[in-house]
Number of protein chains: 2
Amino acid sequence: MSSDPDTLDRMLAERLRARGRRVTSQRVVLQRALHELGRHASAEEVRRAAEDRLPGLSLPTVYATLELFEELGLVRRVAAGAGPVLYDPRTDGHAHFRCRACGAVTDLDARPDATAARRAARRAGHDPEAVEVLVGGLCAACRV
Amino acid sequence: MSSDPDTLDRMLAERLRARGRRVTSQRVVLQRALHELGRHASAEEVRRAAEDRLPGLSLPTVYATLELFEELGLVRRVAAGAGPVLYDPRTDGHAHFRCRACGAVTDLDARPDATAARRAARRAGHDPEAVEVLVGGLCAACRV
DNA sequence: GTCGCTGCAAAGTATTTGCATAGCC
DNA sequence: GGCTATGCAAATACTTTGCAGCGAC
């Protein structure tokens, strides 16, 4: 997974065109902003990160764009269970940890084995695409 | 895990007293309502299920009660990523499937292997308590 | 030039908070 | 009787929708 801006831009343009979608400055800047943050962020955080380059960027556009990125396989949606939905520029299958005290969400360096869950989904007639693993508990800072 | 109402009531009363919390009719009825539904439900659904037995039951009370149940280990919180948070009376570690088209959330008969994720959490200094596995994709009905 | 994308405003849904009253222990 | 839980109302947070003008192709 390259984080070189040019490579990212090119991949974005390519995937957009493959679907007949347009390459707009908002989409380019938002992808860069999310990757520069380098971590899962809420729509509002992404908007702030892109604020200087795109003054007046509206939140509905950010939501629409992030949803599009997810369709394109460029980001992963992380449902933390409280607070805003997070969008993660890392698309490899890693788990997340959420502190029930402070609400902070961090990455875990674990590649969860999703085969069992995928198989169960297929057995039930579904078509599994993504698997999200969320560990809840007390984070290092909140453990007292 | 017994679903006998009396057993459930007794377990609830026991755990409440162990924490010095009170046994109220709302708490008893809400636990029964959730178990009678027999599936993950939103706060609003639980309120409707208890409506006839507790007219005038307020939604804030339902939220507070379900949060308390989670602390007591009687329900699991399921963050579906869109729509309301769901509360699941099944406390064994099973995975969930969420359809990205219709939004329906169903149980999967898979006991995900959470050891890797738990270990990674501990390695990061956190104290892992619960692990939630959510599979996303198209459900049987939406696959066309 | 066409048609999709954006910005704006507004609505809609989900959840939390503050405070007075009621009721368990 | 003390102190917690509840109900009510309001506020807040998050996200989606509808529409008019702009801009990529």
# chains A, B, ... in the order shown; residues from 1 in each chain; ligands from 1
call {"tool": "residues_around", "arguments": {"residues": "Phe69 of chain A", "least_positions_apart": "6", "cutoff": "10 Å", "atoms": "only C-alpha atoms (C1' of nucleotides)", "output": "PDB file with N, CA, C and O atoms, in the first residue's frame"}}
result
ATOM      1  N   LEU A  12      -6.941   6.781  -7.529  1.00  0.00           N
ATOM      2  CA  LEU A  12      -8.285   7.336  -7.369  1.00  0.00           C
ATOM      3  C   LEU A  12      -8.902   7.657  -8.725  1.00  0.00           C
ATOM      4  O   LEU A  12     -10.022   7.231  -9.035  1.00  0.00           O
ATOM      5  N   ARG A  15      -9.865   4.512 -10.656  1.00  0.00           N
ATOM      6  CA  ARG A  15     -11.050   3.807 -10.176  1.00  0.00           C
ATOM      7  C   ARG A  15     -12.322   4.607 -10.428  1.00  0.00           C
ATOM      8  O   ARG A  15     -13.394   4.047 -10.657  1.00  0.00           O
ATOM      9  N   LEU A  16     -12.193   5.924 -10.358  1.00  0.00           N
ATOM     10  CA  LEU A  16     -13.362   6.757 -10.633  1.00  0.00           C
ATOM     11  C   LEU A  16     -13.778   6.590 -12.094  1.00  0.00           C
ATOM     12  O   LEU A  16     -14.949   6.360 -12.399  1.00  0.00           O
ATOM     13  N   ARG A  27     -12.638  15.395  -4.370  1.00  0.00           N
ATOM     14  CA  ARG A  27     -12.318  13.978  -4.172  1.00  0.00           C
ATOM     15  C   ARG A  27     -10.824  13.766  -4.027  1.00  0.00           C
ATOM     16  O   ARG A  27     -10.375  12.983  -3.187  1.00  0.00           O
ATOM     17  N   LEU A  30      -9.719  15.277  -0.600  1.00  0.00           N
ATOM     18  CA  LEU A  30     -10.203  14.496   0.549  1.00  0.00           C
ATOM     19  C   LEU A  30      -9.422  13.197   0.701  1.00  0.00           C
ATOM     20  O   LEU A  30      -9.108  12.782   1.818  1.00  0.00           O
ATOM     21  N   GLN A  31      -9.101  12.564  -0.398  1.00  0.00           N
ATOM     22  CA  GLN A  31      -8.308  11.340  -0.255  1.00  0.00           C
ATOM     23  C   GLN A  31      -6.942  11.664   0.333  1.00  0.00           C
ATOM     24  O   GLN A  31      -6.466  10.977   1.227  1.00  0.00           O
ATOM     25  N   TYR A  63     -19.376  13.400   3.460  1.00  0.00           N
ATOM     26  CA  TYR A  63     -20.045  12.120   3.667  1.00  0.00           C
ATOM     27  C   TYR A  63     -20.207  11.371   2.351  1.00  0.00           C
ATOM     28  O   TYR A  63     -19.901  10.180   2.249  1.00  0.00           O
ATOM     29  N   VAL A  75     -11.179   3.122   1.260  1.00  0.00           N
ATOM     30  CA  VAL A  75     -11.209   3.289   2.717  1.00  0.00           C
ATOM     31  C   VAL A  75     -12.122   2.209   3.309  1.00  0.00           C
ATOM     32  O   VAL A  75     -12.914   1.596   2.605  1.00  0.00           O
ATOM     33  N   ARG A  76     -11.971   2.029   4.604  1.00  0.00           N
ATOM     34  CA  ARG A  76     -12.868   1.126   5.315  1.00  0.00           C
ATOM     35  C   ARG A  76     -13.662   1.919   6.330  1.00  0.00           C
ATOM     36  O   ARG A  76     -13.138   2.792   6.993  1.00  0.00           O
ATOM     37  N   ARG A  77     -14.919   1.575   6.446  1.00  0.00           N
ATOM     38  CA  ARG A  77     -15.799   2.175   7.414  1.00  0.00           C
ATOM     39  C   ARG A  77     -15.644   1.425   8.717  1.00  0.00           C
ATOM     40  O   ARG A  77     -15.676   0.204   8.732  1.00  0.00           O
ATOM     41  N   TYR A  87     -13.647   6.555   9.299  1.00  0.00           N
ATOM     42  CA  TYR A  87     -13.204   6.070   7.996  1.00  0.00           C
ATOM     43  C   TYR A  87     -11.704   5.857   8.052  1.00  0.00           C
ATOM     44  O   TYR A  87     -10.959   6.751   8.456  1.00  0.00           O
ATOM     45  N   PRO A  89      -8.068   4.845   6.337  1.00  0.00           N
ATOM     46  CA  PRO A  89      -7.321   4.742   5.082  1.00  0.00           C
ATOM     47  C   PRO A  89      -6.597   3.399   4.949  1.00  0.00           C
ATOM     48  O   PRO A  89      -6.210   3.025   3.849  1.00  0.00           O
TER      49      PRO A  89
END
call {"tool": "residues_around", "arguments": {"residues": "Leu134 of chain B", "least_positions_apart": "3", "cutoff": "8 Å", "atoms": "only C-alpha atoms (C1' of nucleotides)", "output": "list in words"}}
result
Val131, Glu132 and Val133 of chain A; Ala80, Ala95, His96, Phe97 and Arg98 of chain B
call {"tool": "write_last_selection", "arguments": {"atoms": "all heavy atoms", "output": "PDB file, in the first residue's frame"}}
result
ATOM      1  N   VAL A 131     -15.007  -7.699   6.749  1.00  0.00           N
ATOM      2  CA  VAL A 131     -15.151  -8.160   8.126  1.00  0.00           C
ATOM      3  C   VAL A 131     -14.493  -7.144   9.044  1.00  0.00           C
ATOM      4  O   VAL A 131     -13.362  -6.730   8.806  1.00  0.00           O
ATOM      5  CB  VAL A 131     -14.491  -9.538   8.336  1.00  0.00           C
ATOM      6  CG1 VAL A 131     -14.635  -9.975   9.797  1.00  0.00           C
ATOM      7  CG2 VAL A 131     -15.109 -10.573   7.418  1.00  0.00           C
ATOM      8  N   GLU A 132     -15.229  -6.729  10.055  1.00  0.00           N
ATOM      9  CA  GLU A 132     -14.712  -5.735  10.984  1.00  0.00           C
ATOM     10  C   GLU A 132     -14.666  -6.353  12.383  1.00  0.00           C
ATOM     11  O   GLU A 132     -15.655  -6.897  12.857  1.00  0.00           O
ATOM     12  CB  GLU A 132     -15.619  -4.496  10.958  1.00  0.00           C
ATOM     13  CG  GLU A 132     -15.362  -3.472  12.028  1.00  0.00           C
ATOM     14  CD  GLU A 132     -13.988  -2.834  11.911  1.00  0.00           C
ATOM     15  OE1 GLU A 132     -13.426  -2.830  10.802  1.00  0.00           O
ATOM     16  OE2 GLU A 132     -13.490  -2.359  12.949  1.00  0.00           O
ATOM     17  N   VAL A 133     -13.507  -6.277  13.027  1.00  0.00           N
ATOM     18  CA  VAL A 133     -13.353  -6.816  14.373  1.00  0.00           C
ATOM     19  C   VAL A 133     -13.101  -5.668  15.337  1.00  0.00           C
ATOM     20  O   VAL A 133     -12.160  -4.900  15.166  1.00  0.00           O
ATOM     21  CB  VAL A 133     -12.189  -7.821  14.448  1.00  0.00           C
ATOM     22  CG1 VAL A 133     -11.979  -8.283  15.880  1.00  0.00           C
ATOM     23  CG2 VAL A 133     -12.459  -9.001  13.532  1.00  0.00           C
TER      24      VAL A 133
ATOM     25  N   ALA B  80     -23.859  -1.559  14.643  1.00  0.00           N
ATOM     26  CA  ALA B  80     -24.081  -2.017  13.273  1.00  0.00           C
ATOM     27  C   ALA B  80     -23.466  -1.071  12.249  1.00  0.00           C
ATOM     28  O   ALA B  80     -23.313  -1.441  11.103  1.00  0.00           O
ATOM     29  CB  ALA B  80     -25.565  -2.178  13.009  1.00  0.00           C
ATOM     30  N   ALA B  95     -20.887 -13.941  15.840  1.00  0.00           N
ATOM     31  CA  ALA B  95     -20.675 -12.833  14.907  1.00  0.00           C
ATOM     32  C   ALA B  95     -22.011 -12.338  14.349  1.00  0.00           C
ATOM     33  O   ALA B  95     -23.037 -12.999  14.490  1.00  0.00           O
ATOM     34  CB  ALA B  95     -19.769 -13.289  13.770  1.00  0.00           C
ATOM     35  N   HIS B  96     -21.993 -11.154  13.749  1.00  0.00           N
ATOM     36  CA  HIS B  96     -23.190 -10.611  13.118  1.00  0.00           C
ATOM     37  C   HIS B  96     -22.929 -10.286  11.655  1.00  0.00           C
ATOM     38  O   HIS B  96     -21.800  -9.998  11.267  1.00  0.00           O
ATOM     39  CB  HIS B  96     -23.655  -9.355  13.860  1.00  0.00           C
ATOM     40  CG  HIS B  96     -24.206  -9.643  15.211  1.00  0.00           C
ATOM     41  ND1 HIS B  96     -23.490  -9.443  16.366  1.00  0.00           N
ATOM     42  CD2 HIS B  96     -25.414 -10.138  15.602  1.00  0.00           C
ATOM     43  CE1 HIS B  96     -24.221  -9.802  17.404  1.00  0.00           C
ATOM     44  NE2 HIS B  96     -25.395 -10.222  16.980  1.00  0.00           N
ATOM     45  N   PHE B  97     -23.993 -10.323  10.893  1.00  0.00           N
ATOM     46  CA  PHE B  97     -23.900  -9.953   9.492  1.00  0.00           C
ATOM     47  C   PHE B  97     -24.805  -8.761   9.237  1.00  0.00           C
ATOM     48  O   PHE B  97     -25.943  -8.728   9.701  1.00  0.00           O
ATOM     49  CB  PHE B  97     -24.339 -11.124   8.593  1.00  0.00           C
ATOM     50  CG  PHE B  97     -24.237 -10.820   7.121  1.00  0.00           C
ATOM     51  CD1 PHE B  97     -23.047 -11.033   6.441  1.00  0.00           C
ATOM     52  CD2 PHE B  97     -25.310 -10.296   6.434  1.00  0.00           C
ATOM     53  CE1 PHE B  97     -22.933 -10.730   5.095  1.00  0.00           C
ATOM     54  CE2 PHE B  97     -25.210  -9.989   5.085  1.00  0.00           C
ATOM     55  CZ  PHE B  97     -24.020 -10.208   4.413  1.00  0.00           C
ATOM     56  N   ARG B  98     -24.292  -7.780   8.506  1.00  0.00           N
ATOM     57  CA  ARG B  98     -25.099  -6.615   8.192  1.00  0.00           C
ATOM     58  C   ARG B  98     -25.139  -6.409   6.686  1.00  0.00           C
ATOM     59  O   ARG B  98     -24.098  -6.283   6.036  1.00  0.00           O
ATOM     60  CB  ARG B  98     -24.539  -5.365   8.855  1.00  0.00           C
ATOM     61  CG  ARG B  98     -25.297  -4.137   8.437  1.00  0.00           C
ATOM     62  CD  ARG B  98     -24.949  -2.909   9.223  1.00  0.00           C
ATOM     63  NE  ARG B  98     -25.970  -1.901   8.986  1.00  0.00           N
ATOM     64  CZ  ARG B  98     -26.033  -1.149   7.896  1.00  0.00           C
ATOM     65  NH1 ARG B  98     -25.134  -1.282   6.947  1.00  0.00           N
ATOM     66  NH2 ARG B  98     -26.992  -0.265   7.751  1.00  0.00           N
TER      67      ARG B  98
END
call {"tool": "residues_around", "arguments": {"residues": "Val46 of chain A", "least_positions_apart": "2", "cutoff": "9 Å", "atoms": "only C-alpha atoms (C1' of nucleotides)", "output": "list of chain:residue names"}}
result
A:Leu30, A:Ala33, A:Leu34, A:Leu37, A:Ala41, A:Ser42, A:Ala43, A:Glu44, A:Arg48, A:Ala49, A:Ala50, A:Glu51, A:Val62, A:Tyr87
call {"tool": "write_last_selection", "arguments": {"atoms": "N, CA and C atoms", "output": "short mmCIF file (atom, residue, chain, number, x, y, z; two decimals), in the first residue's frame"}}
result
data_model
loop_
_atom_site.label_atom_id
_atom_site.label_comp_id
_atom_site.auth_asym_id
_atom_site.auth_seq_id
_atom_site.Cartn_x
_atom_site.Cartn_y
_atom_site.Cartn_z
N LEU A 30 -9.72 15.28 -0.60
CA LEU A 30 -10.20 14.50 0.55
C LEU A 30 -9.42 13.20 0.70
N ALA A 33 -6.11 14.18 2.22
CA ALA A 33 -6.27 14.60 3.62
C ALA A 33 -6.39 13.37 4.54
N LEU A 34 -7.20 12.42 4.11
CA LEU A 34 -7.40 11.23 4.94
C LEU A 34 -6.09 10.46 5.10
N LEU A 37 -3.70 12.23 7.45
CA LEU A 37 -4.05 11.99 8.84
C LEU A 37 -3.47 10.64 9.28
N ALA A 41 -10.60 8.46 10.85
CA ALA A 41 -11.06 9.78 11.25
C ALA A 41 -12.54 9.89 10.92
N SER A 42 -13.22 10.76 11.64
CA SER A 42 -14.63 11.00 11.37
C SER A 42 -14.76 11.95 10.18
N ALA A 43 -15.98 12.02 9.65
CA ALA A 43 -16.22 12.92 8.52
C ALA A 43 -15.81 14.35 8.88
N GLU A 44 -16.14 14.75 10.07
CA GLU A 44 -15.82 16.11 10.52
C GLU A 44 -14.31 16.33 10.60
N ARG A 48 -12.03 19.05 8.44
CA ARG A 48 -11.08 20.01 9.02
C ARG A 48 -9.70 19.86 8.40
N ALA A 49 -9.30 18.60 8.15
CA ALA A 49 -7.97 18.37 7.58
C ALA A 49 -7.86 18.92 6.17
N ALA A 50 -9.00 19.08 5.49
CA ALA A 50 -8.98 19.54 4.10
C ALA A 50 -9.37 21.01 4.00
N GLU A 51 -9.68 21.59 5.13
CA GLU A 51 -10.26 22.93 5.20
C GLU A 51 -9.44 24.01 4.48
N VAL A 62 -18.50 15.70 2.12
CA VAL A 62 -17.53 14.80 2.74
C VAL A 62 -18.15 13.42 2.96
N TYR A 87 -13.65 6.56 9.30
CA TYR A 87 -13.20 6.07 8.00
C TYR A 87 -11.70 5.86 8.05
#
call {"tool": "select_by_dssp", "arguments": {"residues": "segment 38-143 of chain A", "states": "strand (DSSP E or B)", "output": "list of chain:residue names"}}
result
A:Ala41, A:Ser42, A:Arg76, A:Arg77, A:Val78, A:Leu86, A:Tyr87, A:Asp88, A:Ala95, A:His96, A:Phe97, A:Arg98, A:Cys99, A:Val105, A:Thr106, A:Asp107, A:Leu108, A:Asp127, A:Pro128, A:Glu129, A:Ala130, A:Val131, A:Glu132, A:Val133, A:Leu134, A:Val135, A:Gly136, A:Gly137, A:Leu138
call {"tool": "write_last_selection", "arguments": {"atoms": "N, CA, C and O atoms", "output": "mmCIF file, in the first residue's frame"}}
result
data_model
loop_
_atom_site.group_PDB
_atom_site.id
_atom_site.type_symbol
_atom_site.label_atom_id
_atom_site.label_comp_id
_atom_site.auth_asym_id
_atom_site.auth_seq_id
_atom_site.Cartn_x
_atom_site.Cartn_y
_atom_site.Cartn_z
ATOM 1 N N ALA A 41 -10.596 8.455 10.852
ATOM 2 C CA ALA A 41 -11.063 9.776 11.246
ATOM 3 C C ALA A 41 -12.543 9.886 10.923
ATOM 4 O O ALA A 41 -13.061 9.195 10.047
ATOM 5 N N SER A 42 -13.219 10.760 11.640
ATOM 6 C CA SER A 42 -14.632 10.997 11.368
ATOM 7 C C SER A 42 -14.764 11.946 10.184
ATOM 8 O O SER A 42 -13.801 12.587 9.771
ATOM 9 N N ARG A 76 -11.971 2.029 4.604
ATOM 10 C CA ARG A 76 -12.868 1.126 5.315
ATOM 11 C C ARG A 76 -13.662 1.919 6.330
ATOM 12 O O ARG A 76 -13.138 2.792 6.993
ATOM 13 N N ARG A 77 -14.919 1.575 6.446
ATOM 14 C CA ARG A 77 -15.799 2.175 7.414
ATOM 15 C C ARG A 77 -15.644 1.425 8.717
ATOM 16 O O ARG A 77 -15.676 0.204 8.732
ATOM 17 N N VAL A 78 -15.480 2.146 9.813
ATOM 18 C CA VAL A 78 -15.357 1.501 11.120
ATOM 19 C C VAL A 78 -16.476 1.992 12.021
ATOM 20 O O VAL A 78 -16.533 3.176 12.366
ATOM 21 N N LEU A 86 -16.195 6.096 11.783
ATOM 22 C CA LEU A 86 -14.833 6.456 11.396
ATOM 23 C C LEU A 86 -14.501 5.857 10.036
ATOM 24 O O LEU A 86 -14.994 4.798 9.678
ATOM 25 N N TYR A 87 -13.647 6.555 9.299
ATOM 26 C CA TYR A 87 -13.204 6.070 7.996
ATOM 27 C C TYR A 87 -11.704 5.857 8.052
ATOM 28 O O TYR A 87 -10.959 6.751 8.456
ATOM 29 N N ASP A 88 -11.278 4.670 7.659
ATOM 30 C CA ASP A 88 -9.897 4.253 7.860
ATOM 31 C C ASP A 88 -9.182 4.124 6.515
ATOM 32 O O ASP A 88 -9.612 3.367 5.656
ATOM 33 N N ALA A 95 -7.732 -5.217 13.212
ATOM 34 C CA ALA A 95 -8.788 -5.031 14.210
ATOM 35 C C ALA A 95 -8.660 -3.669 14.872
ATOM 36 O O ALA A 95 -7.649 -2.974 14.722
ATOM 37 N N HIS A 96 -9.719 -3.254 15.565
ATOM 38 C CA HIS A 96 -9.704 -1.987 16.294
ATOM 39 C C HIS A 96 -10.046 -2.210 17.756
ATOM 40 O O HIS A 96 -10.745 -3.155 18.105
ATOM 41 N N PHE A 97 -9.551 -1.306 18.567
ATOM 42 C CA PHE A 97 -9.859 -1.346 19.992
ATOM 43 C C PHE A 97 -10.580 -0.063 20.373
ATOM 44 O O PHE A 97 -10.182 1.031 19.970
ATOM 45 N N ARG A 98 -11.648 -0.197 21.144
ATOM 46 C CA ARG A 98 -12.378 0.991 21.578
ATOM 47 C C ARG A 98 -12.484 0.993 23.091
ATOM 48 O O ARG A 98 -12.970 0.035 23.698
ATOM 49 N N CYS A 99 -12.040 2.083 23.708
ATOM 50 C CA CYS A 99 -12.104 2.208 25.160
ATOM 51 C C CYS A 99 -13.508 2.626 25.571
ATOM 52 O O CYS A 99 -14.044 3.603 25.061
ATOM 53 N N VAL A 105 -10.467 5.206 19.824
ATOM 54 C CA VAL A 105 -10.357 4.024 18.967
ATOM 55 C C VAL A 105 -8.930 3.936 18.437
ATOM 56 O O VAL A 105 -8.417 4.898 17.867
ATOM 57 N N THR A 106 -8.290 2.799 18.630
ATOM 58 C CA THR A 106 -6.915 2.625 18.155
ATOM 59 C C THR A 106 -6.814 1.361 17.300
ATOM 60 O O THR A 106 -7.637 0.468 17.404
ATOM 61 N N ASP A 107 -5.773 1.319 16.490
ATOM 62 C CA ASP A 107 -5.533 0.132 15.675
ATOM 63 C C ASP A 107 -4.929 -0.979 16.528
ATOM 64 O O ASP A 107 -4.195 -0.714 17.468
ATOM 65 N N LEU A 108 -5.219 -2.201 16.144
ATOM 66 C CA LEU A 108 -4.548 -3.350 16.758
ATOM 67 C C LEU A 108 -3.771 -4.065 15.658
ATOM 68 O O LEU A 108 -4.265 -4.222 14.550
ATOM 69 N N ASP A 127 -23.635 -12.771 0.976
ATOM 70 C CA ASP A 127 -22.420 -12.558 0.211
ATOM 71 C C ASP A 127 -21.489 -11.653 1.020
ATOM 72 O O ASP A 127 -21.623 -10.428 0.981
ATOM 73 N N PRO A 128 -20.556 -12.226 1.758
ATOM 74 C CA PRO A 128 -19.694 -11.438 2.644
ATOM 75 C C PRO A 128 -18.672 -10.631 1.867
ATOM 76 O O PRO A 128 -18.079 -11.127 0.910
ATOM 77 N N GLU A 129 -18.472 -9.394 2.262
ATOM 78 C CA GLU A 129 -17.483 -8.550 1.596
ATOM 79 C C GLU A 129 -16.390 -8.128 2.579
ATOM 80 O O GLU A 129 -15.224 -8.396 2.364
ATOM 81 N N ALA A 130 -16.784 -7.454 3.645
ATOM 82 C CA ALA A 130 -15.792 -6.965 4.597
ATOM 83 C C ALA A 130 -16.059 -7.538 5.981
ATOM 84 O O ALA A 130 -17.192 -7.837 6.336
ATOM 85 N N VAL A 131 -15.007 -7.699 6.749
ATOM 86 C CA VAL A 131 -15.151 -8.160 8.126
ATOM 87 C C VAL A 131 -14.493 -7.144 9.044
ATOM 88 O O VAL A 131 -13.362 -6.730 8.806
ATOM 89 N N GLU A 132 -15.229 -6.729 10.055
ATOM 90 C CA GLU A 132 -14.712 -5.735 10.984
ATOM 91 C C GLU A 132 -14.666 -6.353 12.383
ATOM 92 O O GLU A 132 -15.655 -6.897 12.857
ATOM 93 N N VAL A 133 -13.507 -6.277 13.027
ATOM 94 C CA VAL A 133 -13.353 -6.816 14.373
ATOM 95 C C VAL A 133 -13.101 -5.668 15.337
ATOM 96 O O VAL A 133 -12.160 -4.900 15.166
ATOM 97 N N LEU A 134 -13.971 -5.548 16.323
ATOM 98 C CA LEU A 134 -13.864 -4.455 17.286
ATOM 99 C C LEU A 134 -13.732 -5.025 18.695
ATOM 100 O O LEU A 134 -14.603 -5.764 19.154
ATOM 101 N N VAL A 135 -12.636 -4.687 19.353
ATOM 102 C CA VAL A 135 -12.436 -5.136 20.728
ATOM 103 C C VAL A 135 -12.801 -3.987 21.656
ATOM 104 O O VAL A 135 -12.373 -2.854 21.440
ATOM 105 N N GLY A 136 -13.603 -4.267 22.648
ATOM 106 C CA GLY A 136 -13.981 -3.236 23.620
ATOM 107 C C GLY A 136 -13.323 -3.499 24.956
ATOM 108 O O GLY A 136 -13.011 -4.641 25.277
ATOM 109 N N GLY A 137 -13.106 -2.449 25.715
ATOM 110 C CA GLY A 137 -12.493 -2.617 27.024
ATOM 111 C C GLY A 137 -11.966 -1.302 27.543
ATOM 112 O O GLY A 137 -12.459 -0.244 27.155
ATOM 113 N N LEU A 138 -10.989 -1.384 28.424
ATOM 114 C CA LEU A 138 -10.383 -0.174 28.966
ATOM 115 C C LEU A 138 -9.007 0.003 28.351
ATOM 116 O O LEU A 138 -8.202 -0.929 28.357
#
call {"tool": "closest_residue", "arguments": {"among": "B:Arg39, B:Glu14, B:Arg19, B:Gly56", "to": "chain D", "atoms": "only C-alpha atoms (C1' of nucleotides)"}}
result
B:Gly56
call {"tool": "interface_residues", "arguments": {"of": "chain C", "to": "chain A", "cutoff": "12 Å", "atoms": "only C-alpha atoms (C1' of nucleotides)", "output": "PyMOL selection string"}}
result
chain C and resi 3-9+14-16
call {"tool": "write_last_selection", "arguments": {"atoms": "N, CA and C atoms (P, O5', C5', C4', C3', O3' and C1' of nucleotides)", "output": "mmCIF file, in the first residue's frame"}}
result
data_model
loop_
_atom_site.group_PDB
_atom_site.id
_atom_site.type_symbol
_atom_site.label_atom_id
_atom_site.label_comp_id
_atom_site.auth_asym_id
_atom_site.auth_seq_id
_atom_site.Cartn_x
_atom_site.Cartn_y
_atom_site.Cartn_z
ATOM 1 P P DC C 3 -27.979 14.166 -20.753
ATOM 2 O "O5'" DC C 3 -27.213 13.838 -19.404
ATOM 3 C "C5'" DC C 3 -25.901 13.266 -19.468
ATOM 4 C "C4'" DC C 3 -25.252 13.465 -18.128
ATOM 5 C "C3'" DC C 3 -26.158 13.109 -16.953
ATOM 6 O "O3'" DC C 3 -25.415 12.278 -16.094
ATOM 7 C "C1'" DC C 3 -25.241 15.267 -16.651
ATOM 8 P P DG C 4 -26.022 11.553 -14.884
ATOM 9 O "O5'" DG C 4 -24.825 11.750 -13.863
ATOM 10 C "C5'" DG C 4 -23.497 11.586 -14.327
ATOM 11 C "C4'" DG C 4 -22.564 12.428 -13.486
ATOM 12 C "C3'" DG C 4 -22.673 12.182 -11.985
ATOM 13 O "O3'" DG C 4 -21.361 12.291 -11.484
ATOM 14 C "C1'" DG C 4 -23.111 14.447 -12.422
ATOM 15 P P DC C 5 -21.050 11.997 -9.991
ATOM 16 O "O5'" DC C 5 -20.773 13.461 -9.423
ATOM 17 C "C5'" DC C 5 -19.665 14.192 -9.925
ATOM 18 C "C4'" DC C 5 -19.546 15.498 -9.173
ATOM 19 C "C3'" DC C 5 -19.558 15.356 -7.657
ATOM 20 O "O3'" DC C 5 -18.438 16.075 -7.155
ATOM 21 C "C1'" DC C 5 -21.212 16.898 -8.361
ATOM 22 P P DT C 6 -18.202 16.198 -5.608
ATOM 23 O "O5'" DT C 6 -18.818 17.630 -5.283
ATOM 24 C "C5'" DT C 6 -18.254 18.777 -5.899
ATOM 25 C "C4'" DT C 6 -18.992 20.013 -5.423
ATOM 26 C "C3'" DT C 6 -19.044 20.191 -3.911
ATOM 27 O "O3'" DT C 6 -18.462 21.449 -3.598
ATOM 28 C "C1'" DT C 6 -21.214 20.398 -4.877
ATOM 29 P P DG C 7 -18.185 21.887 -2.111
ATOM 30 O "O5'" DG C 7 -19.443 22.811 -1.816
ATOM 31 C "C5'" DG C 7 -19.635 23.993 -2.578
ATOM 32 C "C4'" DG C 7 -20.922 24.676 -2.167
ATOM 33 C "C3'" DG C 7 -21.069 24.914 -0.665
ATOM 34 O "O3'" DG C 7 -21.486 26.266 -0.489
ATOM 35 C "C1'" DG C 7 -22.933 23.688 -1.495
ATOM 36 P P DC C 8 -21.508 26.950 0.911
ATOM 37 O "O5'" DC C 8 -23.075 26.969 1.254
ATOM 38 C "C5'" DC C 8 -23.992 27.555 0.331
ATOM 39 C "C4'" DC C 8 -25.402 27.137 0.699
ATOM 40 C "C3'" DC C 8 -25.710 27.195 2.193
ATOM 41 O "O3'" DC C 8 -26.716 28.173 2.388
ATOM 42 C "C1'" DC C 8 -26.564 25.208 1.179
ATOM 43 P P DA C 9 -27.081 28.649 3.857
ATOM 44 O "O5'" DA C 9 -28.478 27.911 4.040
ATOM 45 C "C5'" DA C 9 -29.375 27.841 2.941
ATOM 46 C "C4'" DA C 9 -30.464 26.849 3.264
ATOM 47 C "C3'" DA C 9 -30.872 26.856 4.746
ATOM 48 O "O3'" DA C 9 -32.279 26.839 4.826
ATOM 49 C "C1'" DA C 9 -30.315 24.663 4.074
ATOM 50 P P DA C 14 -33.402 5.980 14.255
ATOM 51 O "O5'" DA C 14 -32.253 6.420 15.272
ATOM 52 C "C5'" DA C 14 -30.945 6.643 14.759
ATOM 53 C "C4'" DA C 14 -30.035 7.062 15.886
ATOM 54 C "C3'" DA C 14 -30.262 6.318 17.206
ATOM 55 O "O3'" DA C 14 -29.003 5.864 17.670
ATOM 56 C "C1'" DA C 14 -30.359 8.667 17.538
ATOM 57 P P DT C 15 -28.935 5.040 19.027
ATOM 58 O "O5'" DT C 15 -28.628 6.196 20.079
ATOM 59 C "C5'" DT C 15 -27.455 6.981 19.879
ATOM 60 C "C4'" DT C 15 -27.403 8.100 20.888
ATOM 61 C "C3'" DT C 15 -27.507 7.638 22.346
ATOM 62 O "O3'" DT C 15 -26.239 7.861 22.927
ATOM 63 C "C1'" DT C 15 -28.775 9.613 21.927
ATOM 64 P P DT C 16 -25.994 7.642 24.483
ATOM 65 O "O5'" DT C 16 -26.113 9.133 25.056
ATOM 66 C "C5'" DT C 16 -25.395 10.163 24.419
ATOM 67 C "C4'" DT C 16 -25.644 11.480 25.142
ATOM 68 C "C3'" DT C 16 -25.515 11.402 26.662
ATOM 69 O "O3'" DT C 16 -24.658 12.466 27.061
ATOM 70 C "C1'" DT C 16 -27.596 12.358 26.068
#
call {"tool": "interface_residues", "arguments": {"of": "chain D", "to": "chain B", "cutoff": "10 Å", "atoms": "only C-alpha atoms (C1' of nucleotides)", "output": "PyMOL selection string"}}
result
chain D and resi 4-8+15
call {"tool": "closest_residue", "arguments": {"among": "A:His126, A:Arg119, A:Arg143, A:Arg10", "to": "chain B", "atoms": "only C-alpha atoms"}}
result
A:His126
call {"tool": "residues_around", "arguments": {"residues": "Arg32 of chain A", "least_positions_apart": "2", "cutoff": "8 Å", "atoms": "only C-alpha atoms (C1' of nucleotides)", "output": "PyMOL selection string"}}
result
chain A and resi 5+8-9+28-30+34-36
call {"tool": "write_last_selection", "arguments": {"atoms": "C-alpha atoms", "output": "short mmCIF file (atom, residue, chain, number, x, y, z; two decimals), in the first residue's frame"}}
result
data_model
loop_
_atom_site.label_atom_id
_atom_site.label_comp_id
_atom_site.auth_asym_id
_atom_site.auth_seq_id
_atom_site.Cartn_x
_atom_site.Cartn_y
_atom_site.Cartn_z
CA PRO A 5 0.39 11.26 -3.04
CA LEU A 8 -2.84 7.72 -4.60
CA ASP A 9 -4.18 10.37 -6.96
CA VAL A 28 -8.59 14.32 -4.76
CA VAL A 29 -8.04 16.58 -1.77
CA LEU A 30 -10.20 14.50 0.55
CA LEU A 34 -7.40 11.23 4.94
CA HIS A 35 -4.08 9.61 4.09
CA GLU A 36 -2.13 12.46 5.62
#
